[in-house]
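This is data13.cif (mmCIF, C-alpha atoms and all ligand atoms).
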```cif
data_protein
#
loop_
_atom_site.group_PDB
_atom_site.id
_atom_site.type_symbol
_atom_site.label_atom_id
_atom_site.label_comp_id
_atom_site.auth_asym_id
_atom_site.auth_seq_id
_atom_site.Cartn_x
_atom_site.Cartn_y
_atom_site.Cartn_z
ATOM 1 C CA MET B 1 5.326 15.953 -17.864
ATOM 2 C CA ASN B 2 2.356 13.630 -18.036
ATOM 3 C CA GLU B 3 0.036 12.917 -15.107
ATOM 4 C CA PHE B 4 1.996 9.866 -13.880
ATOM 5 C CA GLU B 5 5.282 11.767 -13.919
ATOM 6 C CA LEU B 6 3.703 14.617 -11.974
ATOM 7 C CA LEU B 7 2.177 12.235 -9.424
ATOM 8 C CA VAL B 8 5.575 10.596 -8.943
ATOM 9 C CA ARG B 9 7.145 14.018 -8.456
ATOM 10 C CA LEU B 10 4.530 14.980 -5.846
ATOM 11 C CA HIS B 11 4.763 11.688 -3.968
ATOM 12 C CA GLN B 12 8.446 10.802 -4.164
ATOM 13 C CA ALA B 13 9.459 13.310 -1.470
ATOM 14 C CA GLY B 14 7.175 11.642 1.078
ATOM 15 C CA ASP B 15 8.316 9.021 3.578
ATOM 16 C CA ARG B 16 5.442 6.954 2.260
ATOM 17 C CA GLN B 17 3.089 7.063 -0.710
ATOM 18 C CA GLY B 18 -0.019 5.836 1.118
ATOM 19 C CA PRO B 19 -1.446 5.553 4.652
ATOM 20 C CA GLY B 20 0.548 3.392 7.064
ATOM 21 C CA ASP B 21 2.987 3.368 9.928
ATOM 22 C CA GLN B 22 6.109 1.469 10.920
ATOM 23 C CA ALA B 23 4.374 0.290 14.099
ATOM 24 C CA GLN B 24 1.473 -1.119 12.045
ATOM 25 C CA THR B 25 3.879 -2.884 9.669
ATOM 26 C CA LYS B 26 5.468 -4.508 12.726
ATOM 27 C CA ARG B 27 2.043 -5.429 14.110
ATOM 28 C CA ALA B 28 1.253 -7.222 10.841
ATOM 29 C CA MET B 29 4.670 -8.958 10.928
ATOM 30 C CA GLU B 30 3.863 -10.173 14.439
ATOM 31 C CA LEU B 31 0.413 -11.487 13.413
ATOM 32 C CA ALA B 32 2.066 -13.241 10.477
ATOM 33 C CA GLY B 33 4.520 -14.957 12.838
ATOM 34 C CA LEU B 34 7.541 -13.669 10.924
ATOM 35 C CA PHE B 35 9.843 -12.894 13.842
ATOM 36 C CA ASN B 36 12.532 -15.356 14.883
ATOM 37 C CA ARG B 37 12.243 -17.676 11.893
ATOM 38 C CA PRO B 38 15.202 -20.069 11.657
ATOM 39 C CA THR B 39 15.899 -19.466 7.951
ATOM 40 C CA GLN B 40 16.222 -16.271 5.917
ATOM 41 C CA LEU B 41 12.844 -15.323 4.477
ATOM 42 C CA LYS B 42 12.419 -14.423 0.818
ATOM 43 C CA ILE B 43 9.914 -11.589 0.558
ATOM 44 C CA ALA B 44 8.440 -9.560 -2.302
ATOM 45 C CA ASP B 45 7.136 -6.099 -1.365
ATOM 46 C CA ILE B 46 4.734 -5.255 -4.178
ATOM 47 C CA GLY B 47 3.999 -1.595 -4.953
ATOM 48 C CA CYS B 48 6.702 -0.649 -2.456
ATOM 49 C CA GLY B 49 7.005 3.039 -3.429
ATOM 50 C CA THR B 50 10.031 4.568 -1.722
ATOM 51 C CA GLY B 51 10.171 1.649 0.683
ATOM 52 C CA ALA B 52 8.321 2.600 3.874
ATOM 53 C CA SER B 53 7.484 -1.045 4.599
ATOM 54 C CA THR B 54 10.480 -2.549 2.751
ATOM 55 C CA LEU B 55 12.964 -0.994 5.170
ATOM 56 C CA VAL B 56 11.033 -2.200 8.236
ATOM 57 C CA LEU B 57 10.923 -5.738 6.848
ATOM 58 C CA ALA B 58 14.628 -5.662 6.005
ATOM 59 C CA GLU B 59 15.747 -4.223 9.345
ATOM 60 C CA HIS B 60 13.615 -6.379 11.622
ATOM 61 C CA LEU B 61 13.645 -9.716 9.822
ATOM 62 C CA GLY B 62 17.039 -9.762 8.129
ATOM 63 C CA ALA B 63 15.055 -10.996 5.135
ATOM 64 C CA SER B 64 16.019 -11.021 1.475
ATOM 65 C CA ILE B 65 13.569 -8.684 -0.243
ATOM 66 C CA ILE B 66 12.574 -7.951 -3.817
ATOM 67 C CA ALA B 67 11.063 -4.472 -3.835
ATOM 68 C CA VAL B 68 8.701 -4.099 -6.785
ATOM 69 C CA ASP B 69 7.216 -0.889 -8.156
ATOM 70 C CA LEU B 70 6.113 0.405 -11.532
ATOM 71 C CA PHE B 71 8.153 3.618 -11.160
ATOM 72 C CA PRO B 72 11.986 3.531 -11.183
ATOM 73 C CA ALA B 73 12.106 7.004 -9.550
ATOM 74 C CA PHE B 74 10.591 5.541 -6.366
ATOM 75 C CA LEU B 75 12.963 2.555 -6.483
ATOM 76 C CA ASN B 76 16.027 4.803 -6.819
ATOM 77 C CA ILE B 77 15.029 6.617 -3.642
ATOM 78 C CA LEU B 78 14.367 3.283 -1.914
ATOM 79 C CA HIS B 79 17.831 2.102 -2.893
ATOM 80 C CA GLN B 80 19.440 5.216 -1.390
ATOM 81 C CA LYS B 81 17.432 4.800 1.831
ATOM 82 C CA ALA B 82 18.470 1.152 2.038
ATOM 83 C CA GLU B 83 22.125 2.190 1.644
ATOM 84 C CA ASP B 84 21.747 4.755 4.412
ATOM 85 C CA ALA B 85 20.114 2.174 6.686
ATOM 86 C CA GLY B 86 22.813 -0.424 5.960
ATOM 87 C CA VAL B 87 20.371 -2.962 4.472
ATOM 88 C CA ALA B 88 21.013 -2.459 0.738
ATOM 89 C CA HIS B 89 22.650 -5.905 0.505
ATOM 90 C CA GLN B 90 19.280 -7.474 1.467
ATOM 91 C CA ILE B 91 17.183 -5.592 -1.093
ATOM 92 C CA GLN B 92 16.881 -6.003 -4.825
ATOM 93 C CA THR B 93 14.693 -3.492 -6.657
ATOM 94 C CA LEU B 94 12.565 -4.499 -9.613
ATOM 95 C CA SER B 95 10.657 -2.110 -11.831
ATOM 96 C CA CYS B 96 7.691 -3.967 -13.284
ATOM 97 C CA SER B 97 3.935 -4.083 -13.121
ATOM 98 C CA MET B 98 2.381 -6.076 -10.287
ATOM 99 C CA ASP B 99 0.220 -7.982 -12.747
ATOM 100 C CA ASP B 100 3.250 -9.243 -14.663
ATOM 101 C CA LEU B 101 5.700 -10.526 -12.050
ATOM 102 C CA PRO B 102 8.721 -12.565 -13.161
ATOM 103 C CA PHE B 103 8.802 -14.875 -10.115
ATOM 104 C CA ASP B 104 8.763 -18.670 -10.210
ATOM 105 C CA ALA B 105 5.669 -20.409 -8.844
ATOM 106 C CA ALA B 106 5.904 -21.264 -5.121
ATOM 107 C CA SER B 107 9.199 -19.378 -4.718
ATOM 108 C CA LEU B 108 8.407 -16.798 -2.005
ATOM 109 C CA ASP B 109 7.897 -17.071 1.763
ATOM 110 C CA VAL B 110 6.024 -13.784 1.993
ATOM 111 C CA ILE B 111 4.206 -11.365 -0.277
ATOM 112 C CA TRP B 112 3.778 -7.943 1.325
ATOM 113 C CA SER B 113 1.794 -5.103 -0.219
ATOM 114 C CA GLU B 114 0.742 -1.945 1.598
ATOM 115 C CA GLY B 115 -1.759 0.385 -0.042
ATOM 116 C CA ALA B 116 -1.042 -0.856 -3.547
ATOM 117 C CA ILE B 117 -3.097 -3.951 -4.454
ATOM 118 C CA TYR B 118 -5.957 -1.635 -5.529
ATOM 119 C CA ASN B 119 -3.959 -1.010 -8.705
ATOM 120 C CA MET B 120 -4.918 -4.537 -9.810
ATOM 121 C CA GLY B 121 -7.981 -4.847 -7.643
ATOM 122 C CA PHE B 122 -8.039 -6.903 -4.442
ATOM 123 C CA LYS B 123 -9.656 -10.024 -5.880
ATOM 124 C CA ALA B 124 -7.483 -10.230 -8.991
ATOM 125 C CA GLY B 125 -4.391 -9.339 -6.979
ATOM 126 C CA ILE B 126 -4.923 -12.049 -4.360
ATOM 127 C CA ALA B 127 -5.709 -14.655 -7.017
ATOM 128 C CA TYR B 128 -2.569 -13.699 -8.964
ATOM 129 C CA PHE B 129 -0.103 -13.233 -6.088
ATOM 130 C CA LYS B 130 -0.837 -16.483 -4.262
ATOM 131 C CA GLN B 131 0.731 -18.658 -6.979
ATOM 132 C CA PHE B 132 4.152 -17.216 -6.087
ATOM 133 C CA LEU B 133 3.874 -18.263 -2.433
ATOM 134 C CA LYS B 134 5.348 -21.476 -1.091
ATOM 135 C CA PRO B 135 2.928 -23.682 0.868
ATOM 136 C CA GLU B 136 2.507 -22.041 4.314
ATOM 137 C CA GLY B 137 3.586 -18.753 2.695
ATOM 138 C CA ILE B 138 2.239 -15.471 4.028
ATOM 139 C CA LEU B 139 0.248 -12.818 2.199
ATOM 140 C CA ALA B 140 -0.045 -9.460 3.969
ATOM 141 C CA VAL B 141 -1.904 -6.642 2.231
ATOM 142 C CA SER B 142 -3.608 -3.420 3.193
ATOM 143 C CA GLU B 143 -6.751 -2.500 1.297
ATOM 144 C CA LEU B 144 -9.400 0.235 1.375
ATOM 145 C CA THR B 145 -12.221 -1.123 3.553
ATOM 146 C CA TRP B 146 -15.608 -0.030 4.935
ATOM 147 C CA LEU B 147 -15.537 -0.364 8.712
ATOM 148 C CA THR B 148 -19.336 -0.717 9.099
ATOM 149 C CA SER B 149 -22.263 -1.782 6.918
ATOM 150 C CA ASN B 150 -23.865 1.671 6.753
ATOM 151 C CA ARG B 151 -22.353 5.005 5.876
ATOM 152 C CA PRO B 152 -23.230 8.402 4.381
ATOM 153 C CA ASP B 153 -24.239 8.333 0.699
ATOM 154 C CA GLU B 154 -21.688 10.989 -0.286
ATOM 155 C CA LEU B 155 -18.885 8.792 0.983
ATOM 156 C CA THR B 156 -20.186 5.642 -0.706
ATOM 157 C CA ALA B 157 -20.572 7.525 -3.994
ATOM 158 C CA HIS B 158 -17.014 8.894 -3.884
ATOM 159 C CA TRP B 159 -15.212 5.616 -3.264
ATOM 160 C CA GLN B 160 -17.520 3.542 -5.467
ATOM 161 C CA LYS B 161 -16.444 5.818 -8.303
ATOM 162 C CA GLU B 162 -12.736 5.908 -7.404
ATOM 163 C CA TYR B 163 -12.415 2.266 -6.372
ATOM 164 C CA PRO B 164 -15.483 0.103 -7.083
ATOM 165 C CA GLU B 165 -14.026 -2.838 -5.146
ATOM 166 C CA VAL B 166 -14.197 -0.972 -1.824
ATOM 167 C CA ASP B 167 -16.135 -3.244 0.552
ATOM 168 C CA THR B 168 -16.629 -4.340 4.156
ATOM 169 C CA VAL B 169 -14.135 -6.373 6.182
ATOM 170 C CA SER B 170 -16.307 -9.494 6.018
ATOM 171 C CA GLU B 171 -16.503 -9.354 2.199
ATOM 172 C CA LYS B 172 -12.727 -8.918 1.912
ATOM 173 C CA ILE B 173 -12.186 -11.918 4.201
ATOM 174 C CA LYS B 174 -14.579 -13.998 2.071
ATOM 175 C CA ILE B 175 -12.396 -13.290 -0.952
ATOM 176 C CA LEU B 176 -9.281 -14.475 0.879
ATOM 177 C CA GLU B 177 -11.066 -17.655 1.996
ATOM 178 C CA ALA B 178 -12.437 -18.326 -1.478
ATOM 179 C CA GLU B 179 -8.847 -18.168 -2.763
ATOM 180 C CA GLY B 180 -7.849 -20.912 -0.321
ATOM 181 C CA LEU B 181 -6.085 -18.636 2.147
ATOM 182 C CA MET B 182 -6.439 -18.860 5.918
ATOM 183 C CA LEU B 183 -6.901 -15.555 7.727
ATOM 184 C CA LEU B 184 -4.335 -15.094 10.503
ATOM 185 C CA GLY B 185 -5.284 -11.549 11.398
ATOM 186 C CA TYR B 186 -7.002 -8.317 10.468
ATOM 187 C CA PHE B 187 -6.853 -4.810 11.864
ATOM 188 C CA PRO B 188 -7.840 -1.391 10.555
ATOM 189 C CA LEU B 189 -5.105 1.246 10.244
ATOM 190 C CA PRO B 190 -5.574 3.952 12.898
ATOM 191 C CA ALA B 191 -6.102 7.614 11.937
ATOM 192 C CA ASN B 192 -2.462 8.695 12.498
ATOM 193 C CA CYS B 193 -1.513 6.486 9.522
ATOM 194 C CA TRP B 194 -3.645 8.693 7.275
ATOM 195 C CA LEU B 195 -3.160 12.129 8.775
ATOM 196 C CA GLU B 196 0.218 12.521 10.516
ATOM 197 C CA ASN B 197 2.012 9.994 8.318
ATOM 198 C CA TYR B 198 0.485 10.651 4.915
ATOM 199 C CA TYR B 199 -1.978 13.481 4.308
ATOM 200 C CA ILE B 200 -0.362 16.211 6.427
ATOM 201 C CA PRO B 201 3.126 15.755 4.902
ATOM 202 C CA LEU B 202 1.525 15.520 1.436
ATOM 203 C CA GLN B 203 -0.398 18.743 1.990
ATOM 204 C CA SER B 204 2.774 20.539 3.018
ATOM 205 C CA ARG B 205 4.244 19.819 -0.452
ATOM 206 C CA PHE B 206 1.343 21.250 -2.508
ATOM 207 C CA ALA B 207 2.696 24.836 -2.667
ATOM 208 C CA ASP B 208 6.140 23.765 -3.957
ATOM 209 C CA PHE B 209 4.562 21.340 -6.392
ATOM 210 C CA LEU B 210 2.387 24.100 -7.868
ATOM 211 C CA ASN B 211 5.311 26.543 -7.916
ATOM 212 C CA GLN B 212 7.429 24.195 -9.993
ATOM 213 C CA GLN B 213 4.781 23.926 -12.666
ATOM 214 C CA ASP B 214 1.468 25.708 -12.322
ATOM 215 C CA SER B 215 -0.636 24.097 -15.027
ATOM 216 C CA GLU B 216 -4.217 22.897 -15.257
ATOM 217 C CA LEU B 217 -2.936 19.383 -14.707
ATOM 218 C CA THR B 218 -0.978 20.168 -11.525
ATOM 219 C CA GLN B 219 -3.930 22.159 -10.198
ATOM 220 C CA SER B 220 -6.333 19.306 -10.825
ATOM 221 C CA ILE B 221 -3.954 16.826 -9.147
ATOM 222 C CA VAL B 222 -3.783 19.018 -6.039
ATOM 223 C CA GLU B 223 -7.542 19.620 -6.122
ATOM 224 C CA ASN B 224 -8.212 15.862 -6.167
ATOM 225 C CA GLU B 225 -5.797 15.231 -3.304
ATOM 226 C CA ARG B 226 -7.422 18.041 -1.279
ATOM 227 C CA LYS B 227 -10.889 16.572 -1.844
ATOM 228 C CA GLU B 228 -9.688 13.150 -0.708
ATOM 229 C CA ILE B 229 -8.185 14.682 2.444
ATOM 230 C CA GLU B 230 -11.380 16.601 3.291
ATOM 231 C CA LEU B 231 -13.441 13.480 2.740
ATOM 232 C CA TYR B 232 -11.197 11.525 5.085
ATOM 233 C CA LYS B 233 -11.441 14.203 7.777
ATOM 234 C CA ALA B 234 -15.245 14.226 7.521
ATOM 235 C CA TYR B 235 -15.808 10.471 7.425
ATOM 236 C CA CYS B 236 -12.773 8.750 8.939
ATOM 237 C CA ASN B 237 -14.933 6.641 11.262
ATOM 238 C CA TYR B 238 -16.434 4.802 8.298
ATOM 239 C CA TYR B 239 -13.382 3.648 6.350
ATOM 240 C CA SER B 240 -9.698 2.910 6.558
ATOM 241 C CA TYR B 241 -7.152 0.595 5.098
ATOM 242 C CA GLY B 242 -7.730 -2.860 6.525
ATOM 243 C CA PHE B 243 -4.550 -4.895 7.022
ATOM 244 C CA TYR B 244 -5.203 -8.543 6.097
ATOM 245 C CA ILE B 245 -2.690 -11.220 7.021
ATOM 246 C CA ALA B 246 -3.306 -14.671 5.568
ATOM 247 C CA LYS B 247 -1.540 -17.980 5.056
ATOM 248 C CA LYS B 248 -1.502 -20.201 1.984
ATOM 249 C CA LEU B 249 -2.368 -23.761 2.914
HETATM 250 N N1 LIG A 1 3.662 0.633 -0.343
HETATM 251 C C1 LIG A 1 4.025 2.028 -0.428
HETATM 252 C C2 LIG A 1 3.399 2.747 -1.621
HETATM 253 C C3 LIG A 1 1.897 2.756 -1.686
HETATM 254 S S1 LIG A 1 1.250 3.784 -2.995
HETATM 255 C C4 LIG A 1 3.664 2.740 0.843
HETATM 256 O O1 LIG A 1 2.880 2.190 1.635
HETATM 257 O O2 LIG A 1 4.139 3.842 1.055
HETATM 258 C C5 LIG A 1 0.990 2.626 -4.318
HETATM 259 C C6 LIG A 1 2.256 2.229 -5.037
HETATM 260 O O3 LIG A 1 1.920 1.324 -6.086
HETATM 261 C C7 LIG A 1 3.010 3.381 -5.680
HETATM 262 O O4 LIG A 1 4.350 3.331 -5.288
HETATM 263 C C8 LIG A 1 2.869 3.117 -7.178
HETATM 264 O O5 LIG A 1 3.982 3.537 -7.924
HETATM 265 C C9 LIG A 1 2.719 1.621 -7.216
HETATM 266 N N2 LIG A 1 2.049 1.097 -8.414
HETATM 267 C C10 LIG A 1 1.006 1.640 -9.079
HETATM 268 N N3 LIG A 1 0.638 0.822 -10.099
HETATM 269 C C11 LIG A 1 1.489 -0.233 -10.073
HETATM 270 C C12 LIG A 1 1.636 -1.402 -10.865
HETATM 271 N N4 LIG A 1 0.812 -1.665 -11.885
HETATM 272 N N5 LIG A 1 2.621 -2.278 -10.566
HETATM 273 C C13 LIG A 1 3.471 -2.027 -9.533
HETATM 274 N N6 LIG A 1 3.375 -0.949 -8.739
HETATM 275 C C14 LIG A 1 2.404 -0.054 -9.007
#
```
Now that the file is in, can you turn its structure into structure tokens?
Amino acid sequence: MNEFELLVRLHQAGDRQGPGDQAQTKRAMELAGLFNRPTQLKIADIGCGTGASTLVLAEHLGASIIAVDLFPAFLNILHQKAEDAGVAHQIQTLSCSMDDLPFDAASLDVIWSEGAIYNMGFKAGIAYFKQFLKPEGILAVSELTWLTSNRPDELTAHWQKEYPEVDTVSEKIKILEAEGLMLLGYFPLPANCWLENYYIPLQSRFADFLNQQDSELTQSIVENERKEIELYKAYCNYYSYGFYIAKKL
């Protein structure tokens, strides 16, 4: 198994593949004004993983959703979850890369993407995604964000290396505005989204993951995840995912 296949194996058993929470997805839906719309919304959930946000969108909005992810293994699990929740008829899965989407221009009411736009980079992702939105369409994304201007050097060095686009809230908002989007709302994800909902369940799978295949590669994957978790515990006041909700004009 290569590194991607191993990462999929480690992450597919989780309820989610990144920090988040159903309540925070609903909060973003509220800020976006998506409840009680008269017509059925057409939504793409980009980098959906096993569908943590997809299912909330489907259940609460009755929307028609295209769930996009690079990895079919995640989409298969999403499909089963959608069947179990009785919303499979609303969801179409699509395995493709987020930088090569097959949608028509101005064809979507909403583009949703939780903890995934970093794979393209925030700026490139926003610039690319917005073409698929209808006028007045909604873009809702969560993105790694500094919560203050100053922070410990060790923390800056880590995330600058892992994700050079990490930046403050105000800089992220400037990017949205420069792309012609109007900010409707922003909030940082609270700590339970990282710990209870993501890191703690992830940590509980490390032993099994290593038992299945104890190689240098699996050990280094677990080591990296552990480092990320320790860093979060030490410095959680300085960064989070910011949830940005914006409207195309
Ligand atoms: N939105 C989900 C998953 C977040 S993890 C959640 O909140 O739980 C990031 C996701 O992006 C993973 O599912 C990963 O498979 C997907 N991904 C990574 N690179 C991608 C790409 N180039 N195109 C589409 N999806 C990608």
Proximity to Arg9 (chain B) - best of B:Ala73, B:Leu231, B:Ala52, B:Ala85, only C-alpha atoms: B:Ala73
Return the padded bounding box of ligand LIG 1 (chain A) as lines of an AutoDock Vina configuration file: axis-aligned, built from all atoms listed in the file, 5 Å added on each side, with centre and edge lengths in Å to one decimal.
```
center_x = 2.5
center_y = 0.8
center_z = -5.1
size_x = 13.7
size_y = 16.1
size_z = 23.5
```
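When all atoms listed in the file are used to measure the gap to ligand LIG 1 (chain A), the shortest distance among B:Gly86, B:Pro201, B:Gly14, B:Gly115 belongs to B:Gly115.
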Neighbours of point (1.4, -16.2, -4.6) within 12 Å, using all atoms listed in the file, written as a VMD selection string: chain B and resid 43 to 44 46 98 to 99 101 to 113 124 to 140 179 to 181 246 to 249
Close residues to ligand LIG 1 (chain A) using all atoms listed in the file, limit 6 Å, as number ranges by chain: B: 16-18, 47-49, 52, 69-71, 96-98, 114-116, 119
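The space between CA of Ala23 (chain B) and CA of Phe187 (chain B) spans 12.5 Å.
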Residue IDs satisfying the PyMOL selection byres (((chain B and resi 142) around 6) and not hetatm), as a VMD selection string: chain B and resid 114 to 115 141 143 241 to 243
Only C-alpha atoms needed: put region 29-129 of chain B from the block into a file as a PDB file, in the first residue's frame.
```pdb
ATOM      1  CA  MET B  29     -25.983  26.953   6.957  1.00  0.00           C
ATOM      2  CA  GLU B  30     -27.872  29.477   9.083  1.00  0.00           C
ATOM      3  CA  LEU B  31     -25.369  32.282   8.343  1.00  0.00           C
ATOM      4  CA  ALA B  32     -25.642  31.416   4.655  1.00  0.00           C
ATOM      5  CA  GLY B  33     -29.436  31.765   4.817  1.00  0.00           C
ATOM      6  CA  LEU B  34     -29.998  28.277   3.413  1.00  0.00           C
ATOM      7  CA  PHE B  35     -32.959  27.219   5.541  1.00  0.00           C
ATOM      8  CA  ASN B  36     -36.493  27.481   4.193  1.00  0.00           C
ATOM      9  CA  ARG B  37     -35.578  28.250   0.591  1.00  0.00           C
ATOM     10  CA  PRO B  38     -38.563  27.865  -1.750  1.00  0.00           C
ATOM     11  CA  THR B  39     -36.740  25.764  -4.367  1.00  0.00           C
ATOM     12  CA  GLN B  40     -34.506  22.704  -4.057  1.00  0.00           C
ATOM     13  CA  LEU B  41     -30.884  23.787  -3.762  1.00  0.00           C
ATOM     14  CA  LYS B  42     -28.159  22.235  -5.893  1.00  0.00           C
ATOM     15  CA  ILE B  43     -25.039  21.858  -3.772  1.00  0.00           C
ATOM     16  CA  ALA B  44     -21.539  20.490  -4.360  1.00  0.00           C
ATOM     17  CA  ASP B  45     -19.689  19.302  -1.242  1.00  0.00           C
ATOM     18  CA  ILE B  46     -16.042  19.361  -2.286  1.00  0.00           C
ATOM     19  CA  GLY B  47     -13.560  17.095  -0.485  1.00  0.00           C
ATOM     20  CA  CYS B  48     -16.503  15.518   1.329  1.00  0.00           C
ATOM     21  CA  GLY B  49     -14.644  12.489   2.747  1.00  0.00           C
ATOM     22  CA  THR B  50     -17.133  10.042   4.236  1.00  0.00           C
ATOM     23  CA  GLY B  51     -19.791  12.735   4.263  1.00  0.00           C
ATOM     24  CA  ALA B  52     -19.854  14.362   7.707  1.00  0.00           C
ATOM     25  CA  SER B  53     -21.174  17.628   6.256  1.00  0.00           C
ATOM     26  CA  THR B  54     -22.915  16.076   3.221  1.00  0.00           C
ATOM     27  CA  LEU B  55     -25.402  14.202   5.397  1.00  0.00           C
ATOM     28  CA  VAL B  56     -26.233  17.305   7.462  1.00  0.00           C
ATOM     29  CA  LEU B  57     -26.848  19.319   4.297  1.00  0.00           C
ATOM     30  CA  ALA B  58     -29.004  16.565   2.808  1.00  0.00           C
ATOM     31  CA  GLU B  59     -31.076  15.969   5.942  1.00  0.00           C
ATOM     32  CA  HIS B  60     -31.716  19.587   6.883  1.00  0.00           C
ATOM     33  CA  LEU B  61     -32.117  21.235   3.492  1.00  0.00           C
ATOM     34  CA  GLY B  62     -33.625  18.484   1.359  1.00  0.00           C
ATOM     35  CA  ALA B  63     -31.039  19.621  -1.181  1.00  0.00           C
ATOM     36  CA  SER B  64     -29.696  17.789  -4.207  1.00  0.00           C
ATOM     37  CA  ILE B  65     -26.006  17.229  -3.507  1.00  0.00           C
ATOM     38  CA  ILE B  66     -22.989  16.190  -5.536  1.00  0.00           C
ATOM     39  CA  ALA B  67     -20.449  14.807  -3.083  1.00  0.00           C
ATOM     40  CA  VAL B  68     -16.950  15.114  -4.526  1.00  0.00           C
ATOM     41  CA  ASP B  69     -13.784  13.446  -3.268  1.00  0.00           C
ATOM     42  CA  LEU B  70     -10.567  12.162  -4.782  1.00  0.00           C
ATOM     43  CA  PHE B  71     -10.904   8.770  -3.049  1.00  0.00           C
ATOM     44  CA  PRO B  72     -13.677   6.315  -4.045  1.00  0.00           C
ATOM     45  CA  ALA B  73     -13.232   4.422  -0.736  1.00  0.00           C
ATOM     46  CA  PHE B  74     -14.534   7.467   1.164  1.00  0.00           C
ATOM     47  CA  LEU B  75     -17.411   7.908  -1.303  1.00  0.00           C
ATOM     48  CA  ASN B  76     -18.487   4.265  -0.940  1.00  0.00           C
ATOM     49  CA  ILE B  77     -18.793   4.744   2.810  1.00  0.00           C
ATOM     50  CA  LEU B  78     -20.670   8.018   2.266  1.00  0.00           C
ATOM     51  CA  HIS B  79     -23.099   6.230  -0.027  1.00  0.00           C
ATOM     52  CA  GLN B  80     -23.799   3.563   2.607  1.00  0.00           C
ATOM     53  CA  LYS B  81     -24.332   6.232   5.286  1.00  0.00           C
ATOM     54  CA  ALA B  82     -26.709   8.101   2.988  1.00  0.00           C
ATOM     55  CA  GLU B  83     -28.680   4.876   2.432  1.00  0.00           C
ATOM     56  CA  ASP B  84     -28.890   4.303   6.176  1.00  0.00           C
ATOM     57  CA  ALA B  85     -30.063   7.881   6.737  1.00  0.00           C
ATOM     58  CA  GLY B  86     -32.673   7.641   3.962  1.00  0.00           C
ATOM     59  CA  VAL B  87     -31.144  10.466   1.889  1.00  0.00           C
ATOM     60  CA  ALA B  88     -29.308   8.461  -0.797  1.00  0.00           C
ATOM     61  CA  HIS B  89     -31.784   9.655  -3.452  1.00  0.00           C
ATOM     62  CA  GLN B  90     -30.556  13.244  -2.856  1.00  0.00           C
ATOM     63  CA  ILE B  91     -26.838  12.482  -3.156  1.00  0.00           C
ATOM     64  CA  GLN B  92     -24.705  11.715  -6.164  1.00  0.00           C
ATOM     65  CA  THR B  93     -21.068  10.829  -5.509  1.00  0.00           C
ATOM     66  CA  LEU B  94     -18.307  11.918  -7.847  1.00  0.00           C
ATOM     67  CA  SER B  95     -14.705  10.803  -7.626  1.00  0.00           C
ATOM     68  CA  CYS B  96     -12.537  13.518  -9.136  1.00  0.00           C
ATOM     69  CA  SER B  97      -9.981  16.107  -8.175  1.00  0.00           C
ATOM     70  CA  MET B  98     -11.279  19.421  -6.853  1.00  0.00           C
ATOM     71  CA  ASP B  99      -9.146  21.308  -9.350  1.00  0.00           C
ATOM     72  CA  ASP B 100     -10.773  19.546 -12.298  1.00  0.00           C
ATOM     73  CA  LEU B 101     -14.525  19.688 -11.683  1.00  0.00           C
ATOM     74  CA  PRO B 102     -16.918  18.730 -14.488  1.00  0.00           C
ATOM     75  CA  PHE B 103     -19.640  21.262 -13.592  1.00  0.00           C
ATOM     76  CA  ASP B 104     -21.136  23.835 -15.948  1.00  0.00           C
ATOM     77  CA  ALA B 105     -20.402  27.494 -15.215  1.00  0.00           C
ATOM     78  CA  ALA B 106     -23.008  29.162 -12.963  1.00  0.00           C
ATOM     79  CA  SER B 107     -24.814  25.861 -12.312  1.00  0.00           C
ATOM     80  CA  LEU B 108     -24.690  25.529  -8.502  1.00  0.00           C
ATOM     81  CA  ASP B 109     -26.544  27.304  -5.684  1.00  0.00           C
ATOM     82  CA  VAL B 110     -23.963  26.371  -3.070  1.00  0.00           C
ATOM     83  CA  ILE B 111     -20.384  25.158  -2.892  1.00  0.00           C
ATOM     84  CA  TRP B 112     -19.551  23.646   0.496  1.00  0.00           C
ATOM     85  CA  SER B 113     -16.085  22.498   1.520  1.00  0.00           C
ATOM     86  CA  GLU B 114     -15.033  21.645   5.063  1.00  0.00           C
ATOM     87  CA  GLY B 115     -11.354  21.149   5.830  1.00  0.00           C
ATOM     88  CA  ALA B 116     -10.423  20.356   2.246  1.00  0.00           C
ATOM     89  CA  ILE B 117      -9.729  23.500   0.183  1.00  0.00           C
ATOM     90  CA  TYR B 118      -6.113  23.437   1.457  1.00  0.00           C
ATOM     91  CA  ASN B 119      -5.511  20.648  -1.058  1.00  0.00           C
ATOM     92  CA  MET B 120      -5.671  23.304  -3.797  1.00  0.00           C
ATOM     93  CA  GLY B 121      -4.814  26.238  -1.600  1.00  0.00           C
ATOM     94  CA  PHE B 122      -7.417  28.740  -0.399  1.00  0.00           C
ATOM     95  CA  LYS B 123      -6.750  31.439  -2.987  1.00  0.00           C
ATOM     96  CA  ALA B 124      -6.655  29.122  -5.998  1.00  0.00           C
ATOM     97  CA  GLY B 125      -9.628  27.166  -4.678  1.00  0.00           C
ATOM     98  CA  ILE B 126     -11.837  30.228  -4.200  1.00  0.00           C
ATOM     99  CA  ALA B 127     -10.870  31.628  -7.602  1.00  0.00           C
ATOM    100  CA  TYR B 128     -11.637  28.277  -9.260  1.00  0.00           C
ATOM    101  CA  PHE B 129     -14.820  27.307  -7.391  1.00  0.00           C
TER     102      PHE B 129
END
```
